[in-house]
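**Student:** Pasting in a structure now, in structure tokens, and then I'll have a few things to ask.
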Amino acid sequence: MEPVFAAAGCFLLYFVVYRFYARHLGARIFQLDPTKSTPAHDMNDGVDYVPCRRAILFGHHYASIAGLAPMLGPAIAVIWGWLPGMLWVVLGTLFIGAVHDFGALVVSMRHKGLSVGKVAEDLIGRRAKSIFLLIILFLICLVMGVFVRTIAGLFTAAFYPESVFPTFFLMGVAMIIGWRVYKHSAHIGKATAIGFALMMISIWVGLQIARPDLTADSWILILLGYALAASILPVWLLLQPRDYLNSLLLYLGLGTAYLGFFLLMPDFSAPAVSANPEGAPPIFPFVFIVIACGAVSGFHGLVSSGTTSKQIDKETDAVFVGYGGMVGESLLGLLAVLACTAGFRSIEAWSAHYSSWDAASGLSEKMRAFIEGAALFITKLGLPMDLAQAFIALVAVSFALTSLDSGTRLLRYNIGEIANSIGIPQLGGRYVASIIAVALIGFFAFYQIDGQPAGLALWGLFGSTNQVLGALTLLTISIYLRQRGRNYWYTAVPMAFMMVMTVTAMLLDLKKYTSGGQVLLTFVALSIFLLSLWLVVEAILRFRKDTVTLGSTMAEGD
């Protein structure tokens with residue numbers, strides 16, 4: 001019964017904070033104006049800038065940010081017990097992560113839909129943009145490489161090959177819907193109903209037909225080919241309809257899993273707190289870093305400022321899409337905490353799986369804990385275990401692929417901005433930049449440490465880089481608010497907290513990489529650390545300059 005009461009308390013917090021705090025931010029702090037034109041209308045090009053209905057855009061945004069990370073991070077972090085992960089997933093989202101996503105969306109929307117790096121140039125200075133672009137380049141390459149490696153593992157015969165058919169079938173259905181709706185004005189409701197029904201049928205078909213038996217490396221190459229196509233195609237043909245259908249899939253997955261959870265009323269198989277698991281890093285600050293996208297994510301700021309800000313129809317939609325989308329992701333993170341602590345059949349089973357930091361052999365293995373736990377909840381609704389596992393596996397894979405196609409497109413934008421900055425615009429074209437993006441993602445997908453896929457090592461590095469980018473994005477938003485005479489403490493306080501936690505984690509990681517002789521990881525971590533400090537210095541200098549300017553203006557007014 002204990003997990004049921006804990007989850008119910010979290011739901012109540014989501015409702016109250018969104019109802020009052022999020023709306024206060026939109027109306028009072030960012031002063032959203034429903035009559036003001038957005039970049040989707042002002043710069044409509046039919047490819048990247050395309051006005052989108054609020055519900056559909058929410059689906060795209062939600063699906064793009066809700067990749068593997070909100071499932072994978074908590075699935076690792078529960079080794080410290082269920083309570084730390086649950087508290088951070090909920091409170092971190094409501095007062096930091098959702099504020100970050102919403103703020104990045106609004107600031108980008110008011111800067112012609114430009115990326116957070118380009119916005120930083122306008123607000124802080126040219127060097128700030130260069131630093132942002134370098135950090136963003138590394139972050140997207142790294143996280144997409146990890147996602148590709150993990151998805152490829154889930155597709156192999158040892159895990160969930162039954163998810164292959166419905167995954168690729170969904171791509172075809174989404175493109176047909178996108179073509180029919182955008183080019184032939186088909187009714188979106190009928191198209192959605194037909195597409196969703198076909199998607200459900202494809203899960204059953206995937207269990208009946210012969211399952212492909214390819215190696216993880218082969219799947220990586222196939223997935224990289226998909227990422228290339230998704231980056232090049234217009235958003236209305238694949239990105240919008242696929243994300244929209246995927247969001248419906250996630251709504252169904254979340255709804256059935258939570259319903260089964262409340263009917264099952266399980267007990268926690270994990271302790272509330274386990275401060276010193278064998279081989280694990282310190283719980284503070286690493287519980288914040290490992291959970292990553294489940295509570296706060298710099299990657300989300302890239303989605304908000306990279307694709308979502310180019311499609312938003314009205315300014316006031318930003319609260320629902322930006323803040324609400326992060327609350328939706330937190331629901332997924334909370335489910336992961338519950339599935340990986342109350343979804344085990346016994347305390348002994350949980351203890352065996354989480355007996356040490358290295359007990360679960362890889363990221364795909366850690367995803368198994370989430371998939372089997374959530375599937376156990378769904379079986380309470382009468383669904384057979386094999387079908388429930390196939391359904392949850394499809395949810396996990398589909399959202400990882402959604403992040404992959406959005407991430408590759410964001411990386412293409414980033415490469416284009418870097419190419420223009422260094423005076424080689426030829427590298428920034430849609431096709432060339434997409435090829436470069438996929439090649440960089442492929443490097444991290446195949447990268448190994450000591451002959452083994454570098455899953456956990458790269459995940460830790462992703463967490464630190466991701467969180468520091470989130471802190472830097474909050475810093476940029478704070479400067480935006482301050483320059484306009486708004487109350488910037490709503491973003492400055494979360495920024496300071498995230499910066500302290502992340503810098504502490506990065507210093508501890510640097511010590512570990514150096515002592516372990518891991519030269520590449522040491523170099524990359526040190527580079528990100530120094531670039532982050534440099535950007536903070538640039539922001540402080542701009543902050544002081546704004547203070548002097550503001551003081552002079554007030555004196556002249558007197």
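We name chains A, B, ... following the order of the structure tokens; residues begin at 1 in each chain, and ligands are numbered from 1 as shown.
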With the cut-off set at 12 Å and counting only C-alpha atoms, tabulate each residue of segment 126-201 of chain A with an atom at most that distance from an atom of segment 67-83 of chain A, showing the nearest atom pair and its distance in Å to one decimal, ordered by chain and increasing number, as a Markdown table.

**Tutor:**
```
| residue | atom | partner | partner_atom | distance |
| --- | --- | --- | --- | --- |
| A:Val143 | CA | A:Ala69 | CA | 9.0 |
| A:Met144 | CA | A:Gly67 | CA | 10.0 |
| A:Val146 | CA | A:Leu68 | CA | 9.6 |
| A:Phe147 | CA | A:Leu68 | CA | 6.9 |
| A:Val148 | CA | A:Leu68 | CA | 10.2 |
| A:Arg149 | CA | A:Leu68 | CA | 11.4 |
| A:Thr150 | CA | A:Leu68 | CA | 8.7 |
| A:Ile151 | CA | A:Leu68 | CA | 8.9 |
| A:Leu154 | CA | A:Leu68 | CA | 11.5 |
```

**Student:** Could I get the residues of segment 432-545 of chain A with an atom no further than 6 Å from an atom of segment 121-132 of chain A, each paired with its nearest atom pair and that distance in Å to one decimal, using only C-alpha atoms, sorted by chain and residue number, as a Markdown table?

**Tutor:**
```
| residue | atom | partner | partner_atom | distance |
| --- | --- | --- | --- | --- |
| A:Leu535 | CA | A:Ala128 | CA | 5.8 |
| A:Ala539 | CA | A:Ile124 | CA | 5.9 |
| A:Arg542 | CA | A:Ile124 | CA | 5.8 |
```

**Student:** Generate a file of the selected residues that holds all heavy atoms, formatted as a PDB file, in the first residue's frame.

**Tutor:**
```
ATOM      1  N   LEU A 535      31.691  30.278 -19.731  1.00  0.00           N
ATOM      2  CA  LEU A 535      30.393  30.869 -20.026  1.00  0.00           C
ATOM      3  C   LEU A 535      29.810  31.567 -18.799  1.00  0.00           C
ATOM      4  O   LEU A 535      29.195  32.638 -18.909  1.00  0.00           O
ATOM      5  CB  LEU A 535      29.425  29.793 -20.531  1.00  0.00           C
ATOM      6  CG  LEU A 535      28.067  30.291 -21.036  1.00  0.00           C
ATOM      7  CD1 LEU A 535      28.237  31.359 -22.112  1.00  0.00           C
ATOM      8  CD2 LEU A 535      27.241  29.133 -21.568  1.00  0.00           C
ATOM      9  N   ALA A 539      28.743  35.468 -18.524  1.00  0.00           N
ATOM     10  CA  ALA A 539      27.430  35.903 -18.043  1.00  0.00           C
ATOM     11  C   ALA A 539      27.563  36.902 -16.900  1.00  0.00           C
ATOM     12  O   ALA A 539      26.809  37.879 -16.827  1.00  0.00           O
ATOM     13  CB  ALA A 539      26.614  34.685 -17.593  1.00  0.00           C
ATOM     14  N   ARG A 542      28.458  40.238 -18.293  1.00  0.00           N
ATOM     15  CA  ARG A 542      27.286  40.870 -18.911  1.00  0.00           C
ATOM     16  C   ARG A 542      26.310  41.346 -17.830  1.00  0.00           C
ATOM     17  O   ARG A 542      25.698  42.417 -17.945  1.00  0.00           O
ATOM     18  CB  ARG A 542      26.593  39.884 -19.847  1.00  0.00           C
ATOM     19  CG  ARG A 542      25.364  40.468 -20.556  1.00  0.00           C
ATOM     20  CD  ARG A 542      25.740  41.757 -21.307  1.00  0.00           C
ATOM     21  NE  ARG A 542      24.594  42.418 -21.859  1.00  0.00           N
ATOM     22  CZ  ARG A 542      24.231  42.340 -23.140  1.00  0.00           C
ATOM     23  NH1 ARG A 542      24.948  41.594 -23.968  1.00  0.00           N
ATOM     24  NH2 ARG A 542      23.176  42.958 -23.579  1.00  0.00           N
TER      25      ARG A 542
END
```

**Student:** If you count only C-alpha atoms, which residues fall within 7 Å of segment 173-184 of chain A, apart from same-chain ones fewer than 6 positions away, as a ChimeraX atom specification?

**Tutor:** /A:191,195,236-238,241-242

**Student:** Could you please take those selected residues and save N, CA, C and O atoms as a PDB file, in the first residue's frame?

**Tutor:**
```pdb
ATOM      1  N   ALA A 191      -7.865  10.250 -39.309  1.00  0.00           N
ATOM      2  CA  ALA A 191      -6.515   9.754 -39.570  1.00  0.00           C
ATOM      3  C   ALA A 191      -5.877   9.221 -38.286  1.00  0.00           C
ATOM      4  O   ALA A 191      -5.202   8.181 -38.280  1.00  0.00           O
ATOM      5  N   GLY A 195      -4.764   5.382 -37.710  1.00  0.00           N
ATOM      6  CA  GLY A 195      -3.352   5.149 -37.436  1.00  0.00           C
ATOM      7  C   GLY A 195      -3.124   4.474 -36.095  1.00  0.00           C
ATOM      8  O   GLY A 195      -2.296   3.555 -35.976  1.00  0.00           O
ATOM      9  N   TRP A 236       6.464  18.054 -41.332  1.00  0.00           N
ATOM     10  CA  TRP A 236       5.081  17.603 -41.457  1.00  0.00           C
ATOM     11  C   TRP A 236       4.971  16.178 -41.987  1.00  0.00           C
ATOM     12  O   TRP A 236       3.934  15.527 -41.812  1.00  0.00           O
ATOM     13  N   LEU A 237       6.023  15.667 -42.636  1.00  0.00           N
ATOM     14  CA  LEU A 237       5.943  14.347 -43.248  1.00  0.00           C
ATOM     15  C   LEU A 237       6.240  13.226 -42.260  1.00  0.00           C
ATOM     16  O   LEU A 237       5.618  12.162 -42.319  1.00  0.00           O
ATOM     17  N   LEU A 238       7.176  13.421 -41.344  1.00  0.00           N
ATOM     18  CA  LEU A 238       7.538  12.352 -40.417  1.00  0.00           C
ATOM     19  C   LEU A 238       7.531  12.821 -38.970  1.00  0.00           C
ATOM     20  O   LEU A 238       6.919  12.189 -38.106  1.00  0.00           O
ATOM     21  N   PRO A 241       3.716  13.925 -37.428  1.00  0.00           N
ATOM     22  CA  PRO A 241       2.755  12.825 -37.269  1.00  0.00           C
ATOM     23  C   PRO A 241       3.296  11.668 -36.444  1.00  0.00           C
ATOM     24  O   PRO A 241       2.554  11.052 -35.672  1.00  0.00           O
ATOM     25  N   ARG A 242       4.589  11.363 -36.577  1.00  0.00           N
ATOM     26  CA  ARG A 242       5.144  10.257 -35.798  1.00  0.00           C
ATOM     27  C   ARG A 242       5.164  10.600 -34.313  1.00  0.00           C
ATOM     28  O   ARG A 242       4.803   9.783 -33.462  1.00  0.00           O
TER      29      ARG A 242
END
```

**Student:** Which one is closest to Cys52 of chain A: A:Ile312, A:Leu381, A:Ala342, A:Leu334? Count only C-alpha atoms.

**Tutor:** A:Ile312

**Student:** If we count only C-alpha atoms and set the cut-off at 7 Å, which residues sit around Leu264 of chain A, ignoring sequence neighbours fewer than 4 positions away in its own chain? Please answer as a PyMOL selection string.

**Tutor:** chain A and resi 260+377+380

**Student:** For segment 104-110 of chain A, find every residue with an atom within 10 Å (counting only C-alpha atoms), except residues of its own chain fewer than 3 positions away, and show them as a compact mmCIF listing (two decimals) with N, CA, C and O atoms, in the first residue's frame.

**Tutor:**
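So the final result, stored in selection-v7.txt, reads:
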```
# COMPACT_ATOMS: atom_id res chain seq x y z
N GLY A 26 3.63 32.10 -16.53
CA GLY A 26 3.21 32.55 -17.86
C GLY A 26 2.62 33.94 -17.86
O GLY A 26 2.94 34.77 -18.71
N PHE A 30 6.71 35.90 -17.48
CA PHE A 30 7.04 35.98 -18.91
C PHE A 30 6.02 36.80 -19.70
O PHE A 30 6.27 37.15 -20.85
N GLN A 31 4.87 37.09 -19.08
CA GLN A 31 3.84 37.97 -19.67
C GLN A 31 3.49 37.56 -21.11
O GLN A 31 3.68 38.31 -22.07
N LEU A 32 3.00 36.36 -21.25
CA LEU A 32 2.64 35.82 -22.56
C LEU A 32 1.44 36.56 -23.13
O LEU A 32 0.50 36.89 -22.40
N LYS A 36 0.01 38.14 -29.92
CA LYS A 36 1.30 38.42 -30.56
C LYS A 36 1.67 37.30 -31.54
O LYS A 36 1.57 36.12 -31.22
N SER A 37 2.11 37.66 -32.73
CA SER A 37 2.48 36.68 -33.74
C SER A 37 3.74 35.92 -33.33
O SER A 37 4.64 36.46 -32.69
N THR A 38 3.79 34.66 -33.71
CA THR A 38 4.93 33.80 -33.36
C THR A 38 5.77 33.50 -34.61
O THR A 38 5.32 33.71 -35.74
N PRO A 39 7.01 33.01 -34.44
CA PRO A 39 7.86 32.70 -35.59
C PRO A 39 7.23 31.70 -36.57
O PRO A 39 7.52 31.76 -37.77
N ALA A 40 6.38 30.81 -36.06
CA ALA A 40 5.75 29.83 -36.95
C ALA A 40 4.92 30.52 -38.03
O ALA A 40 4.81 30.02 -39.17
N ALA A 98 10.71 21.87 -15.38
CA ALA A 98 9.61 22.43 -16.17
C ALA A 98 9.79 23.93 -16.39
O ALA A 98 9.44 24.46 -17.45
N VAL A 99 10.34 24.62 -15.39
CA VAL A 99 10.63 26.05 -15.54
C VAL A 99 11.68 26.24 -16.64
O VAL A 99 11.58 27.17 -17.47
N HIS A 100 12.69 25.38 -16.66
CA HIS A 100 13.74 25.43 -17.67
C HIS A 100 13.16 25.24 -19.07
O HIS A 100 13.43 26.02 -19.99
N ASP A 101 12.36 24.19 -19.26
CA ASP A 101 11.81 23.89 -20.58
C ASP A 101 10.90 25.02 -21.07
O ASP A 101 10.98 25.46 -22.23
N GLY A 113 12.60 31.96 -33.02
CA GLY A 113 12.75 30.52 -33.01
C GLY A 113 14.19 30.05 -33.07
O GLY A 113 14.46 28.90 -33.45
N LEU A 114 15.13 30.92 -32.68
CA LEU A 114 16.55 30.56 -32.74
C LEU A 114 16.92 29.64 -31.59
O LEU A 114 16.25 29.60 -30.55
N SER A 115 18.02 28.91 -31.76
CA SER A 115 18.47 27.98 -30.75
C SER A 115 18.93 28.72 -29.50
O SER A 115 19.21 29.93 -29.55
N VAL A 116 19.05 27.99 -28.40
CA VAL A 116 19.47 28.61 -27.16
C VAL A 116 20.88 29.19 -27.28
O VAL A 116 21.22 30.19 -26.66
N GLY A 117 21.72 28.58 -28.13
CA GLY A 117 23.06 29.11 -28.35
C GLY A 117 23.03 30.47 -29.03
O GLY A 117 23.75 31.39 -28.64
N LYS A 118 22.19 30.60 -30.05
CA LYS A 118 22.07 31.88 -30.75
C LYS A 118 21.44 32.94 -29.85
O LYS A 118 21.83 34.12 -29.87
N VAL A 119 20.48 32.53 -29.03
CA VAL A 119 19.88 33.46 -28.08
C VAL A 119 20.92 33.95 -27.08
O VAL A 119 20.96 35.13 -26.71
N ALA A 120 21.81 33.04 -26.65
CA ALA A 120 22.88 33.41 -25.71
C ALA A 120 23.78 34.48 -26.33
O ALA A 120 24.29 35.38 -25.63
N GLY A 298 19.16 19.67 -19.99
CA GLY A 298 19.58 20.68 -20.95
C GLY A 298 19.14 20.34 -22.36
O GLY A 298 18.89 21.23 -23.18
N HIS A 300 16.33 19.20 -23.25
CA HIS A 300 14.98 19.70 -23.45
C HIS A 300 14.98 21.15 -23.94
O HIS A 300 14.12 21.55 -24.73
N GLY A 301 15.94 21.94 -23.44
CA GLY A 301 16.05 23.31 -23.91
C GLY A 301 16.36 23.38 -25.39
O GLY A 301 15.94 24.30 -26.09
N LEU A 302 17.11 22.38 -25.87
CA LEU A 302 17.42 22.32 -27.30
C LEU A 302 16.17 21.99 -28.11
O LEU A 302 15.98 22.52 -29.21
N VAL A 303 15.34 21.09 -27.59
CA VAL A 303 14.08 20.78 -28.28
C VAL A 303 13.16 21.99 -28.26
O VAL A 303 12.58 22.37 -29.28
N SER A 304 13.03 22.63 -27.08
CA SER A 304 12.16 23.81 -26.96
C SER A 304 12.57 24.90 -27.92
O SER A 304 11.72 25.53 -28.57
N SER A 305 13.89 25.14 -28.02
CA SER A 305 14.38 26.24 -28.85
C SER A 305 14.74 25.79 -30.26
O SER A 305 15.01 26.63 -31.12
N GLY A 306 14.75 24.49 -30.50
CA GLY A 306 15.18 24.00 -31.80
C GLY A 306 14.05 23.66 -32.75
O GLY A 306 14.08 24.02 -33.93
N THR A 307 13.03 22.98 -32.26
CA THR A 307 11.91 22.59 -33.12
C THR A 307 10.58 23.15 -32.62
O THR A 307 9.79 23.68 -33.39
N THR A 308 10.32 23.06 -31.32
CA THR A 308 9.00 23.46 -30.79
C THR A 308 8.74 24.95 -30.98
O THR A 308 7.62 25.35 -31.35
N SER A 309 9.73 25.80 -30.73
CA SER A 309 9.53 27.25 -30.86
C SER A 309 9.24 27.66 -32.29
O SER A 309 8.70 28.74 -32.53
N LYS A 310 9.59 26.82 -33.25
CA LYS A 310 9.34 27.10 -34.67
C LYS A 310 7.95 26.67 -35.10
O LYS A 310 7.55 26.91 -36.24
N GLN A 311 7.22 25.99 -34.22
CA GLN A 311 5.91 25.45 -34.60
C GLN A 311 4.77 25.95 -33.71
O GLN A 311 3.61 25.65 -33.98
N ILE A 312 5.07 26.72 -32.66
CA ILE A 312 4.03 27.11 -31.71
C ILE A 312 3.11 28.15 -32.33
O ILE A 312 3.56 29.10 -32.96
N LYS A 314 0.42 30.05 -30.75
CA LYS A 314 0.18 31.24 -29.93
C LYS A 314 1.12 31.23 -28.73
O LYS A 314 1.46 30.16 -28.22
N GLU A 315 1.51 32.41 -28.27
CA GLU A 315 2.42 32.49 -27.13
C GLU A 315 1.88 31.77 -25.90
O GLU A 315 2.62 31.09 -25.19
N THR A 316 0.59 31.89 -25.65
CA THR A 316 0.01 31.29 -24.45
C THR A 316 0.01 29.76 -24.48
O THR A 316 -0.20 29.12 -23.45
N ASP A 317 0.24 29.17 -25.65
CA ASP A 317 0.36 27.71 -25.73
C ASP A 317 1.61 27.21 -25.02
O ASP A 317 1.74 26.02 -24.73
N ALA A 318 2.55 28.12 -24.75
CA ALA A 318 3.85 27.71 -24.20
C ALA A 318 3.73 27.09 -22.81
O ALA A 318 4.53 26.22 -22.46
N VAL A 319 2.77 27.54 -22.01
CA VAL A 319 2.61 26.96 -20.67
C VAL A 319 2.23 25.48 -20.78
O VAL A 319 2.82 24.61 -20.15
N VAL A 321 2.47 23.46 -23.47
CA VAL A 321 3.44 22.66 -24.21
C VAL A 321 4.76 22.53 -23.44
O VAL A 321 5.28 21.42 -23.26
N GLY A 322 5.31 23.67 -22.99
CA GLY A 322 6.63 23.65 -22.36
C GLY A 322 6.61 23.13 -20.93
O GLY A 322 7.26 22.14 -20.61
N TYR A 323 5.84 23.78 -20.07
CA TYR A 323 5.77 23.35 -18.66
C TYR A 323 5.01 22.02 -18.56
O TYR A 323 5.46 21.09 -17.90
N GLY A 470 21.71 22.52 -18.85
CA GLY A 470 20.47 23.00 -18.26
C GLY A 470 20.71 24.21 -17.37
O GLY A 470 19.95 25.18 -17.41
N THR A 473 21.45 27.18 -19.55
CA THR A 473 20.23 27.68 -20.19
C THR A 473 19.41 28.49 -19.20
O THR A 473 18.87 29.56 -19.54
N LEU A 474 19.30 28.02 -17.95
CA LEU A 474 18.62 28.80 -16.92
C LEU A 474 19.32 30.14 -16.68
O LEU A 474 18.66 31.15 -16.42
N THR A 476 20.92 31.86 -18.98
CA THR A 476 20.54 32.70 -20.12
C THR A 476 19.13 33.26 -19.93
O THR A 476 18.87 34.45 -20.19
N ILE A 477 18.20 32.41 -19.48
CA ILE A 477 16.82 32.86 -19.24
C ILE A 477 16.79 33.93 -18.14
O ILE A 477 16.04 34.91 -18.23
N TYR A 480 17.80 37.18 -19.57
CA TYR A 480 16.68 37.68 -20.39
C TYR A 480 15.64 38.38 -19.51
O TYR A 480 15.18 39.50 -19.81
N LEU A 481 15.26 37.73 -18.40
CA LEU A 481 14.26 38.32 -17.51
C LEU A 481 14.77 39.58 -16.85
O LEU A 481 14.05 40.59 -16.72
```

**Student:** Set the distance at 12 Å and use only C-alpha atoms: which residues neighbour Arg412 of chain A once local chain neighbours fewer than 4 positions away are removed? I'd like the list as a compact mmCIF listing (two decimals) with N, CA, C and O atoms, in the first residue's frame.

**Tutor:**
```txt
# COMPACT_ATOMS: atom_id res chain seq x y z
N ASP A 48 10.64 23.77 -41.67
CA ASP A 48 10.97 23.82 -40.25
C ASP A 48 10.00 24.72 -39.47
O ASP A 48 9.61 24.40 -38.36
N SER A 115 18.02 28.91 -31.76
CA SER A 115 18.47 27.98 -30.75
C SER A 115 18.93 28.72 -29.50
O SER A 115 19.21 29.93 -29.55
N LEU A 133 27.41 26.41 -28.49
CA LEU A 133 27.37 25.53 -29.65
C LEU A 133 28.29 24.33 -29.48
O LEU A 133 27.93 23.21 -29.88
N ILE A 136 26.65 22.00 -26.89
CA ILE A 136 25.48 21.36 -27.51
C ILE A 136 25.91 20.28 -28.50
O ILE A 136 25.33 19.18 -28.54
N LEU A 137 26.94 20.57 -29.28
CA LEU A 137 27.43 19.59 -30.25
C LEU A 137 27.82 18.29 -29.55
O LEU A 137 27.40 17.20 -29.96
N ILE A 140 24.56 16.41 -27.82
CA ILE A 140 23.64 15.70 -28.71
C ILE A 140 24.31 14.47 -29.31
O ILE A 140 23.70 13.40 -29.39
N CYS A 141 25.56 14.63 -29.74
CA CYS A 141 26.27 13.48 -30.30
C CYS A 141 26.35 12.35 -29.29
O CYS A 141 26.11 11.17 -29.62
N ALA A 227 17.91 7.94 -38.89
CA ALA A 227 18.17 9.28 -38.36
C ALA A 227 18.50 10.25 -39.48
O ALA A 227 18.08 11.42 -39.46
N LEU A 228 19.26 9.80 -40.47
CA LEU A 228 19.61 10.65 -41.61
C LEU A 228 18.36 11.07 -42.37
O LEU A 228 18.17 12.26 -42.69
N ALA A 230 15.24 11.12 -41.27
CA ALA A 230 14.38 11.94 -40.42
C ALA A 230 14.88 13.38 -40.32
O ALA A 230 14.08 14.31 -40.18
N SER A 231 16.19 13.58 -40.39
CA SER A 231 16.75 14.92 -40.32
C SER A 231 16.47 15.72 -41.58
O SER A 231 16.33 16.95 -41.53
N ILE A 232 16.38 15.05 -42.70
CA ILE A 232 16.25 15.73 -43.99
C ILE A 232 14.80 16.01 -44.36
O ILE A 232 14.47 17.06 -44.92
N LEU A 302 17.11 22.38 -25.87
CA LEU A 302 17.42 22.32 -27.30
C LEU A 302 16.17 21.99 -28.11
O LEU A 302 15.98 22.52 -29.21
N GLY A 306 14.75 24.49 -30.50
CA GLY A 306 15.18 24.00 -31.80
C GLY A 306 14.05 23.66 -32.75
O GLY A 306 14.08 24.02 -33.93
N THR A 307 13.03 22.98 -32.26
CA THR A 307 11.91 22.59 -33.12
C THR A 307 10.58 23.15 -32.62
O THR A 307 9.79 23.68 -33.39
N ASP A 405 15.29 11.12 -33.89
CA ASP A 405 15.05 11.93 -35.10
C ASP A 405 15.03 13.42 -34.78
O ASP A 405 15.55 14.24 -35.54
N SER A 406 14.46 13.79 -33.62
CA SER A 406 14.50 15.20 -33.24
C SER A 406 15.92 15.64 -32.92
O SER A 406 16.34 16.74 -33.29
N GLY A 407 16.67 14.78 -32.22
CA GLY A 407 18.05 15.10 -31.86
C GLY A 407 18.95 15.28 -33.07
O GLY A 407 19.80 16.18 -33.10
N THR A 408 18.76 14.43 -34.07
CA THR A 408 19.57 14.55 -35.29
C THR A 408 19.26 15.85 -36.02
O THR A 408 20.15 16.53 -36.53
N GLY A 416 24.92 23.71 -38.62
CA GLY A 416 24.73 24.84 -39.52
C GLY A 416 25.16 26.15 -38.89
O GLY A 416 25.80 26.99 -39.55
N GLU A 417 24.84 26.34 -37.61
CA GLU A 417 25.23 27.58 -36.93
C GLU A 417 26.75 27.64 -36.76
O GLU A 417 27.36 28.71 -36.92
N ILE A 418 27.38 26.51 -36.45
CA ILE A 418 28.84 26.48 -36.34
C ILE A 418 29.48 26.77 -37.68
O ILE A 418 30.45 27.54 -37.77
N ALA A 419 28.93 26.18 -38.75
CA ALA A 419 29.48 26.40 -40.09
C ALA A 419 29.42 27.88 -40.47
O ALA A 419 30.37 28.43 -41.05
N LEU A 427 29.01 23.72 -45.22
CA LEU A 427 28.87 22.57 -44.32
C LEU A 427 27.54 22.59 -43.58
O LEU A 427 27.18 21.59 -42.95
N GLY A 428 26.82 23.70 -43.67
CA GLY A 428 25.58 23.84 -42.92
C GLY A 428 24.33 23.53 -43.70
O GLY A 428 23.23 23.66 -43.16
N GLY A 429 24.46 23.12 -44.96
CA GLY A 429 23.28 22.78 -45.75
C GLY A 429 22.54 21.59 -45.16
O GLY A 429 23.09 20.79 -44.41
N ARG A 430 21.28 21.45 -45.53
CA ARG A 430 20.44 20.41 -44.92
C ARG A 430 21.03 19.02 -45.10
O ARG A 430 21.03 18.22 -44.17
N TYR A 431 21.55 18.72 -46.29
CA TYR A 431 22.04 17.37 -46.57
C TYR A 431 23.43 17.14 -45.98
O TYR A 431 23.69 16.13 -45.31
N VAL A 432 24.33 18.08 -46.20
CA VAL A 432 25.71 17.91 -45.70
C VAL A 432 25.72 17.89 -44.18
O VAL A 432 26.36 17.04 -43.56
N ALA A 433 25.02 18.84 -43.56
CA ALA A 433 24.99 18.89 -42.09
C ALA A 433 24.36 17.64 -41.50
O ALA A 433 24.79 17.15 -40.45
N SER A 434 23.35 17.09 -42.17
CA SER A 434 22.72 15.85 -41.69
C SER A 434 23.69 14.68 -41.74
O SER A 434 23.75 13.85 -40.82
N ILE A 435 24.46 14.60 -42.82
CA ILE A 435 25.45 13.52 -42.94
C ILE A 435 26.52 13.64 -41.86
O ILE A 435 26.92 12.65 -41.22
N ILE A 436 26.99 14.86 -41.62
CA ILE A 436 27.99 15.08 -40.56
C ILE A 436 27.40 14.70 -39.20
O ILE A 436 28.05 14.05 -38.38
N ALA A 437 26.14 15.08 -38.96
CA ALA A 437 25.49 14.78 -37.69
C ALA A 437 25.41 13.27 -37.46
O ALA A 437 25.73 12.77 -36.37
N VAL A 438 24.99 12.54 -38.46
CA VAL A 438 24.85 11.08 -38.32
C VAL A 438 26.22 10.43 -38.11
O VAL A 438 26.35 9.48 -37.33
N ALA A 439 27.24 10.94 -38.79
CA ALA A 439 28.59 10.38 -38.61
C ALA A 439 29.07 10.58 -37.16
O ALA A 439 29.67 9.67 -36.56
N LEU A 440 28.81 11.75 -36.60
CA LEU A 440 29.23 12.03 -35.22
C LEU A 440 28.45 11.16 -34.23
O LEU A 440 29.02 10.63 -33.26
N ILE A 441 27.16 10.99 -34.46
CA ILE A 441 26.36 10.11 -33.60
C ILE A 441 26.88 8.68 -33.69
O ILE A 441 27.00 7.97 -32.68
```
